[in-house]
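Participant: Structure supplied as upload-v8.csv; contents: CSV, C-alpha atoms and all ligand atoms.
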chain,number,residue,atom,x,y,z
A,1,MET,CA,59.7,218.8,1.5
A,2,ALA,CA,59.3,220.1,-2.0
A,3,VAL,CA,56.6,222.6,-2.7
A,4,VAL,CA,55.1,222.7,-6.2
A,5,THR,CA,52.6,225.4,-7.0
A,6,PHE,CA,50.2,225.5,-9.9
A,7,ALA,CA,49.6,229.1,-11.0
A,8,ASN,CA,48.0,230.8,-13.9
A,9,SER,CA,45.5,233.7,-13.5
A,10,LYS,CA,43.8,232.5,-16.6
A,11,GLY,CA,40.7,230.6,-15.5
A,12,GLY,CA,40.2,227.0,-16.8
A,13,SER,CA,43.9,226.6,-17.8
A,14,GLY,CA,44.0,223.2,-16.1
A,15,LYS,CA,45.6,224.1,-12.7
A,16,THR,CA,43.3,222.0,-10.5
A,17,THR,CA,43.1,219.0,-12.8
A,18,SER,CA,46.9,218.8,-13.3
A,19,ALA,CA,47.6,219.4,-9.6
A,20,LEU,CA,45.3,216.5,-8.7
A,21,ILE,CA,46.9,214.2,-11.3
A,22,LEU,CA,50.3,215.0,-9.9
A,23,ALA,CA,49.3,214.6,-6.3
A,24,CYS,CA,47.7,211.2,-6.8
A,25,GLU,CA,50.6,210.0,-8.8
A,26,LEU,CA,53.2,211.1,-6.2
A,27,ALA,CA,51.0,209.6,-3.4
A,28,GLU,CA,51.6,206.2,-4.9
A,29,HIS,CA,55.0,206.3,-3.3
A,30,ALA,CA,55.3,209.4,-1.1
A,31,SER,CA,53.4,211.5,1.4
A,32,VAL,CA,51.7,214.4,-0.3
A,33,CYS,CA,49.7,217.4,1.0
A,34,LEU,CA,47.5,219.1,-1.5
A,35,ILE,CA,46.6,222.6,-0.5
A,36,ASP,CA,43.3,223.8,-2.0
A,37,ALA,CA,43.6,227.6,-2.4
A,38,ASP,CA,40.9,227.9,-5.0
A,39,PRO,CA,37.9,229.7,-3.4
A,40,ARG,CA,35.5,227.3,-5.2
A,41,ARG,CA,37.2,224.4,-3.2
A,42,PRO,CA,37.2,221.8,-6.0
A,43,LEU,CA,39.9,219.6,-4.3
A,44,THR,CA,38.2,219.8,-0.9
A,45,THR,CA,35.0,218.6,-2.6
A,46,TRP,CA,37.0,215.8,-4.4
A,47,ALA,CA,38.5,214.7,-1.1
A,48,LYS,CA,35.0,214.0,0.3
A,49,LEU,CA,34.4,211.4,-2.5
A,50,PRO,CA,35.6,207.9,-1.9
A,51,GLY,CA,39.0,206.6,-2.9
A,52,LYS,CA,41.4,209.3,-1.8
A,53,PRO,CA,44.9,207.8,-1.8
A,54,GLU,CA,46.0,207.0,1.8
A,55,ARG,CA,49.2,209.0,1.6
A,56,LEU,CA,47.4,212.1,0.3
A,57,THR,CA,46.1,214.8,2.6
A,58,VAL,CA,44.0,217.7,1.4
A,59,VAL,CA,44.2,221.0,3.3
A,60,THR,CA,41.6,223.7,2.6
A,61,ASN,CA,43.2,227.1,2.6
A,62,ALA,CA,41.5,229.6,4.9
A,63,SER,CA,42.7,232.9,3.6
A,64,GLU,CA,45.8,234.7,2.3
A,65,LYS,CA,46.6,235.3,6.0
A,66,THR,CA,47.1,231.6,6.7
A,67,ILE,CA,48.7,230.3,3.5
A,68,LEU,CA,52.3,230.7,4.7
A,69,ASP,CA,51.6,228.8,7.9
A,70,GLU,CA,49.6,226.1,6.0
A,71,ILE,CA,52.6,225.5,3.6
A,72,ASP,CA,55.0,225.4,6.6
A,73,ALA,CA,52.9,222.9,8.4
A,74,ALA,CA,52.4,220.7,5.3
A,75,ARG,CA,56.1,220.9,4.5
A,76,ALA,CA,57.0,219.5,8.0
A,77,ASP,CA,54.9,216.4,7.5
A,78,ASN,CA,55.1,215.6,3.8
A,79,GLN,CA,57.5,214.8,1.1
A,80,PHE,CA,55.6,216.8,-1.4
A,81,VAL,CA,53.3,219.9,-1.0
A,82,ILE,CA,51.2,220.8,-4.0
A,83,VAL,CA,49.4,224.1,-4.0
A,84,ASP,CA,46.4,224.7,-6.3
A,85,LEU,CA,45.9,228.5,-6.7
A,86,GLU,CA,42.8,230.5,-7.7
A,87,GLY,CA,42.4,231.8,-11.2
A,88,THR,CA,43.3,235.4,-10.4
A,89,ALA,CA,46.6,237.0,-9.4
A,90,SER,CA,46.5,238.0,-5.8
A,91,ARG,CA,48.7,238.4,-2.7
A,92,LEU,CA,47.9,234.8,-1.9
A,93,THR,CA,49.4,233.7,-5.2
A,94,SER,CA,52.6,235.7,-4.4
A,95,TYR,CA,52.8,234.2,-0.9
A,96,ALA,CA,52.5,230.7,-2.2
A,97,ILE,CA,55.0,231.3,-5.0
A,98,SER,CA,57.5,232.7,-2.5
A,99,GLN,CA,57.6,229.3,-0.7
A,100,SER,CA,57.8,227.2,-3.8
A,101,ASP,CA,60.6,225.0,-5.1
A,102,MET,CA,58.9,224.9,-8.5
A,103,VAL,CA,56.0,226.7,-10.2
A,104,VAL,CA,54.0,224.9,-12.8
A,105,ILE,CA,52.1,227.1,-15.3
A,106,PRO,CA,49.4,225.1,-17.0
A,107,MET,CA,48.1,226.4,-20.3
A,108,LYS,CA,46.0,225.4,-23.2
A,109,GLU,CA,47.5,225.6,-26.7
A,110,GLN,CA,45.5,228.7,-27.6
A,111,GLN,CA,46.6,232.2,-28.4
A,112,GLN,CA,44.8,233.9,-25.6
A,113,ASP,CA,46.2,231.4,-23.2
A,114,ALA,CA,49.7,232.1,-24.5
A,115,LEU,CA,49.3,235.8,-23.8
A,116,ALA,CA,48.1,235.1,-20.3
A,117,ALA,CA,51.0,232.7,-19.7
A,118,ILE,CA,53.5,235.4,-20.7
A,119,ASP,CA,51.8,237.8,-18.2
A,120,VAL,CA,52.0,235.1,-15.5
A,121,ILE,CA,55.7,234.5,-16.2
A,122,GLN,CA,56.4,238.3,-15.9
A,123,GLU,CA,54.5,238.3,-12.6
A,124,LEU,CA,56.5,235.3,-11.4
A,125,LYS,CA,59.7,237.1,-12.3
A,126,ARG,CA,58.6,240.1,-10.1
A,127,ASP,CA,57.8,237.7,-7.3
A,128,MET,CA,61.3,236.3,-7.6
A,129,LYS,CA,62.8,239.8,-7.4
A,130,ALA,CA,60.7,240.5,-4.3
A,131,VAL,CA,62.1,237.4,-2.6
A,132,ARG,CA,65.6,237.7,-4.1
A,133,ARG,CA,65.6,234.1,-5.2
A,134,THR,CA,65.3,232.2,-8.5
A,135,ILE,CA,62.2,230.0,-8.5
A,136,PRO,CA,62.3,227.3,-11.1
A,137,PHE,CA,59.2,227.2,-13.3
A,138,ALA,CA,57.9,225.5,-16.4
A,139,VAL,CA,54.9,225.7,-18.7
A,140,LEU,CA,52.7,222.7,-18.9
A,141,PHE,CA,50.5,222.3,-22.0
A,142,THR,CA,47.2,220.9,-20.8
A,143,GLN,CA,44.0,219.6,-22.4
A,144,THR,CA,46.0,218.9,-25.6
A,145,LYS,CA,44.6,216.8,-28.4
A,146,VAL,CA,46.3,213.4,-28.7
A,147,VAL,CA,45.8,213.3,-32.4
A,148,ALA,CA,45.0,215.8,-35.1
A,149,LYS,CA,46.3,218.9,-33.3
A,150,SER,CA,45.1,222.1,-34.9
A,151,ARG,CA,47.5,224.5,-36.7
A,152,THR,CA,46.9,227.1,-33.9
A,153,ALA,CA,47.8,224.5,-31.2
A,154,ARG,CA,51.0,223.6,-33.0
A,155,PHE,CA,51.9,227.2,-33.6
A,156,VAL,CA,51.3,228.2,-30.0
A,157,SER,CA,53.3,225.3,-28.5
A,158,ASN,CA,56.1,225.7,-31.0
A,159,GLN,CA,56.5,229.4,-30.1
A,160,PHE,CA,57.0,228.4,-26.4
A,161,LYS,CA,59.3,225.5,-27.2
A,162,ALA,CA,61.5,227.6,-29.4
A,163,ASN,CA,62.0,230.1,-26.6
A,164,ASP,CA,64.9,229.0,-24.4
A,165,ALA,CA,64.1,231.4,-21.7
A,166,THR,CA,60.8,229.6,-21.0
A,167,PRO,CA,61.1,226.0,-19.9
A,168,VAL,CA,58.3,223.7,-21.1
A,169,PHE,CA,57.5,220.3,-19.8
A,170,ALA,CA,58.2,217.6,-22.5
A,171,THR,CA,55.0,215.9,-21.2
A,172,GLU,CA,51.7,217.4,-22.1
A,173,ILE,CA,48.5,216.6,-20.1
A,174,HIS,CA,46.2,215.4,-22.8
A,175,GLU,CA,42.5,216.1,-22.9
A,176,ARG,CA,41.1,212.8,-21.5
A,177,ASP,CA,37.9,211.6,-20.2
A,178,ALA,CA,39.7,209.9,-17.2
A,179,TYR,CA,41.0,213.3,-15.9
A,180,SER,CA,37.6,215.0,-15.8
A,181,ALA,CA,36.0,211.8,-14.4
A,182,LEU,CA,38.2,212.0,-11.2
A,183,PHE,CA,36.1,215.0,-10.0
A,184,SER,CA,32.8,213.0,-10.2
A,185,VAL,CA,34.0,209.6,-9.2
A,186,GLY,CA,36.7,210.5,-6.6
A,187,GLY,CA,40.1,208.8,-6.0
A,188,GLY,CA,43.0,208.6,-8.4
A,189,LEU,CA,43.3,207.3,-11.9
A,190,ARG,CA,44.3,203.8,-10.8
A,191,ARG,CA,40.9,203.4,-9.1
A,192,LEU,CA,38.9,204.1,-12.2
A,193,SER,CA,37.6,201.3,-14.3
A,194,GLY,CA,38.6,200.9,-18.0
A,195,ARG,CA,34.9,200.2,-18.6
A,196,ASP,CA,33.9,203.7,-17.5
A,197,VAL,CA,36.4,205.9,-19.3
A,198,ASN,CA,38.2,205.6,-22.6
A,199,ASN,CA,41.9,204.8,-22.8
A,200,LEU,CA,42.6,204.6,-19.1
A,201,GLU,CA,46.1,203.0,-19.6
A,202,ALA,CA,47.2,206.0,-21.7
A,203,ALA,CA,45.9,208.4,-19.1
A,204,ILE,CA,47.8,206.6,-16.3
A,205,ARG,CA,51.0,206.6,-18.5
A,206,ASN,CA,50.6,210.3,-19.2
A,207,ALA,CA,50.2,211.1,-15.5
A,208,ALA,CA,53.2,208.9,-14.5
A,209,ASP,CA,55.4,210.7,-17.2
A,210,PHE,CA,54.3,214.1,-15.8
A,211,ALA,CA,55.2,213.1,-12.2
A,212,ALA,CA,58.5,211.7,-13.3
A,213,GLU,CA,59.4,214.9,-15.1
A,214,VAL,CA,58.4,217.0,-12.0
A,215,VAL,CA,60.7,214.9,-9.8
A,216,THR,CA,63.5,215.1,-12.3
A,217,MET,CA,63.2,218.9,-12.4
A,218,LEU,CA,63.1,219.1,-8.6
A,219,ARG,CA,66.2,217.0,-8.4
A,220,ALA,CA,68.0,219.0,-11.0
A,221,ASN,CA,67.1,222.2,-9.0
A,222,GLY,CA,68.4,220.7,-5.8
A,223,ALA,CA,65.1,220.6,-3.9
A,224,ASN,CA,64.1,217.6,-1.8
A,225,GLN,CA,67.4,215.9,-2.5
A,226,LYS,CA,67.3,213.5,0.4
A,227,ARG,CA,63.6,212.6,0.1
A,228,VAL,CA,63.3,211.9,-3.6
A,229,ALA,CA,66.7,210.4,-4.1
B,301,LIG,N1,43.5,217.2,-19.2
B,301,LIG,C1,42.1,217.4,-19.1
B,301,LIG,N2,41.3,216.5,-19.7
B,301,LIG,C2,40.0,216.7,-19.7
B,301,LIG,N3,39.4,217.7,-19.1
B,301,LIG,C3,40.1,218.6,-18.5
B,301,LIG,C4,41.6,218.5,-18.4
B,301,LIG,N4,42.1,219.6,-17.8
B,301,LIG,C5,41.0,220.3,-17.4
B,301,LIG,N5,39.9,219.8,-17.8
B,301,LIG,C6,38.5,220.3,-17.6
B,301,LIG,O1,38.6,221.7,-17.9
B,301,LIG,C7,37.9,222.5,-16.9
B,301,LIG,C8,38.9,223.5,-16.3
B,301,LIG,O2,39.9,222.7,-15.7
B,301,LIG,P1,40.5,223.1,-14.3
B,301,LIG,O3,39.4,223.3,-13.3
B,301,LIG,O4,41.6,222.1,-14.0
B,301,LIG,O5,41.2,224.5,-14.6
B,301,LIG,P2,41.7,225.6,-13.5
B,301,LIG,O6,42.9,226.3,-14.2
B,301,LIG,O7,41.9,225.0,-12.2
B,301,LIG,O8,40.4,226.6,-13.5
B,301,LIG,P3,40.2,227.8,-12.5
B,301,LIG,O9,41.1,228.9,-12.9
B,301,LIG,O10,38.7,228.1,-12.7
B,301,LIG,O11,40.5,227.3,-11.1
B,301,LIG,C9,37.3,221.5,-15.9
B,301,LIG,O12,36.0,221.3,-16.3
B,301,LIG,C10,38.1,220.2,-16.1
B,301,LIG,O13,37.4,219.1,-15.8
B,302,MG,MG,41.2,225.6,-10.3
Could you express the structure from this file as structure tokens?
Ligand SMILES: Nc1ncnc2c1ncn2[C@@H]1O[C@H](COP(=O)(O)OP(=O)(O)OP(=O)(O)O)[C@@H](O)[C@H]1O
Ligand SMILES: [Mg+2]
Facilitator:
Amino acid sequence: MAVVTFANSKGGSGKTTSALILACELAEHASVCLIDADPRRPLTTWAKLPGKPERLTVVTNASEKTILDEIDAARADNQFVIVDLEGTASRLTSYAISQSDMVVIPMKEQQQDALAAIDVIQELKRDMKAVRRTIPFAVLFTQTKVVAKSRTARFVSNQFKANDATPVFATEIHERDAYSALFSVGGGLRRLSGRDVNNLEAAIRNAADFAAEVVTMLRANGANQKRVA
């Protein structure tokens, strides 16, 4: 019943990867519908590979005209609905955001991405005004280095963390082999073999931490109270 949308008009910010990591992790214990609203259909392609978790359904968005109905239908049948949006601002983006209990804004720790994220947050605030509702959101740093972060990366993330008006996930999605492998191998992290990717255990822990933080935020915001309690 909780709708979580991944939005950032900056291409390559990690929306699709982070949405898939979250969906697979939640599907360990709950019914999840992942709506693929990226015109290149990366999640629809992933779903055709073997190993999709049983409790995870992937719906391919047809157009901006159908997104509201698709979210409604998914919400009726699933505990979590996760929407992966395209890398451009559009009416479809605003429609999906209007139905969301939380918006995740993935971004890399780079200056251009920081500027793009600020634009996205302003756009999101206009969407909130249009629907006369506060929609909780948080920035998710993605593709971060586990060790030896650059000075720019530290500077960018510190700027966001120091700004109380912009919530930031404590969990970062690190840059990991295991995460990009999902799109070629199929299935979730727990189906990968430690022989094929480096540091699988750390990738699984990272994904679990992210999912736990999303659930905590949803609870704090009062969404999905009965289902996730
Ligand atoms: N945490 C990660 N670890 C390793 N590779 C990653 C990670 N996140 C993203 N990538 C890689 O970076 C590229 C862009 O990621 P992704 O497709 O998730 O971004 P996106 O925001 O959905 O892009 P678009 O705007 O084009 O839809 C992909 O090749 C993906 O495999
Ligand atoms: Mg994408």
Participant: Calculated over all atoms listed in the file, which of the candidates A:Pro50, A:Gly11, A:Gly187, A:Pro39 has the smallest distance to Pro106 in chain A?
Facilitator: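 Ranking A:Pro50, A:Gly11, A:Gly187, A:Pro39 by distance to Pro106 in chain A, first place goes to A:Gly11.
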Participant: What is the distance, in Å and to one decimal place, between CA of Gly194 in chain A and CA of Glu28 in chain A?
Facilitator: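 Computing it gives 19.2 Å between the two atoms.
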Participant: Could you tell me which of A:Ala7, A:Ala220, A:Val139, A:Val83 comes closest to ligand LIG 301 (chain B) if we count all atoms listed in the file?
Facilitator: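 Smallest distance to ligand LIG 301 (chain B) is found for A:Ala7.
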Participant: Give me, as a PyMOL selection string, the set of residues whose atoms come within 8 Å of any atom of ligand MG 302 (chain B), counting all atoms listed in the file.
Facilitator: chain A and resi 11-12+14-17+38+40+42+84-87
Participant: Find, counting only C-alpha atoms, the residue in A:Arg154, A:Lys145, A:His29, A:Arg205 that gets nearest to Arg176 in chain A.
Facilitator: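 The shortest atom-to-atom distance to Arg176 in chain A comes from A:Lys145.
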Participant: Please compute the CA of Glu175 in chain A-CA of Asn199 in chain A distance, one decimal, in Å.
Facilitator: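 Rounded to one decimal, the two atoms are 11.3 Å apart.
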Participant: From the list A:Lys129, A:Lys65, A:Val58, A:Asn198, which residue is nearest ligand LIG 301 (chain B) when using only C-alpha atoms and all ligand atoms?
Facilitator: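 Of A:Lys129, A:Lys65, A:Val58, A:Asn198, the one nearest ligand LIG 301 (chain B) is A:Asn198, counting only C-alpha atoms and all ligand atoms.
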Participant: In Å, how far is it from CA of Ala208 in chain A to CA of Leu49 in chain A?
Facilitator: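 Computing it gives 22.4 Å between the two atoms.
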Participant: Which polymer residues have any atom within 9 Å of an atom of Ala207 in chain A, counting all atoms listed in the file, with same-chain residues fewer than 2 positions away left out, as a list of chain:residue names?
Facilitator: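 Selected residues are A:Ser18, A:Ile21, A:Leu22, A:Glu25, A:Thr171, A:Ile173, A:Leu189, A:Ala202, A:Ala203, A:Ile204, A:Arg205, A:Asp209, A:Phe210, A:Ala211, A:Ala212.
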Participant: Determine the nearest neighbour of ligand LIG 301 (chain B) from the options A:Arg190, A:Lys108, A:Lys48, A:Arg151, counting all atoms listed in the file.
Facilitator: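 Of A:Arg190, A:Lys108, A:Lys48, A:Arg151, the one nearest ligand LIG 301 (chain B) is A:Lys108, counting all atoms listed in the file.
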Participant: Counting only C-alpha atoms and all ligand atoms, figure out which residue out of A:Ile97, A:Ala138, A:Leu115, A:Leu182 gets nearest to ligand LIG 301 (chain B).
Facilitator: A:Leu182
Participant: Counting all atoms listed in the file, which residues come within 7 Å of (50.5, 215.4, -0.3), with the point read in the file's coordinates, and could you list them as a PyMOL selection string?
Facilitator: chain A and resi 23+27+31-34+55-57+78+80-82
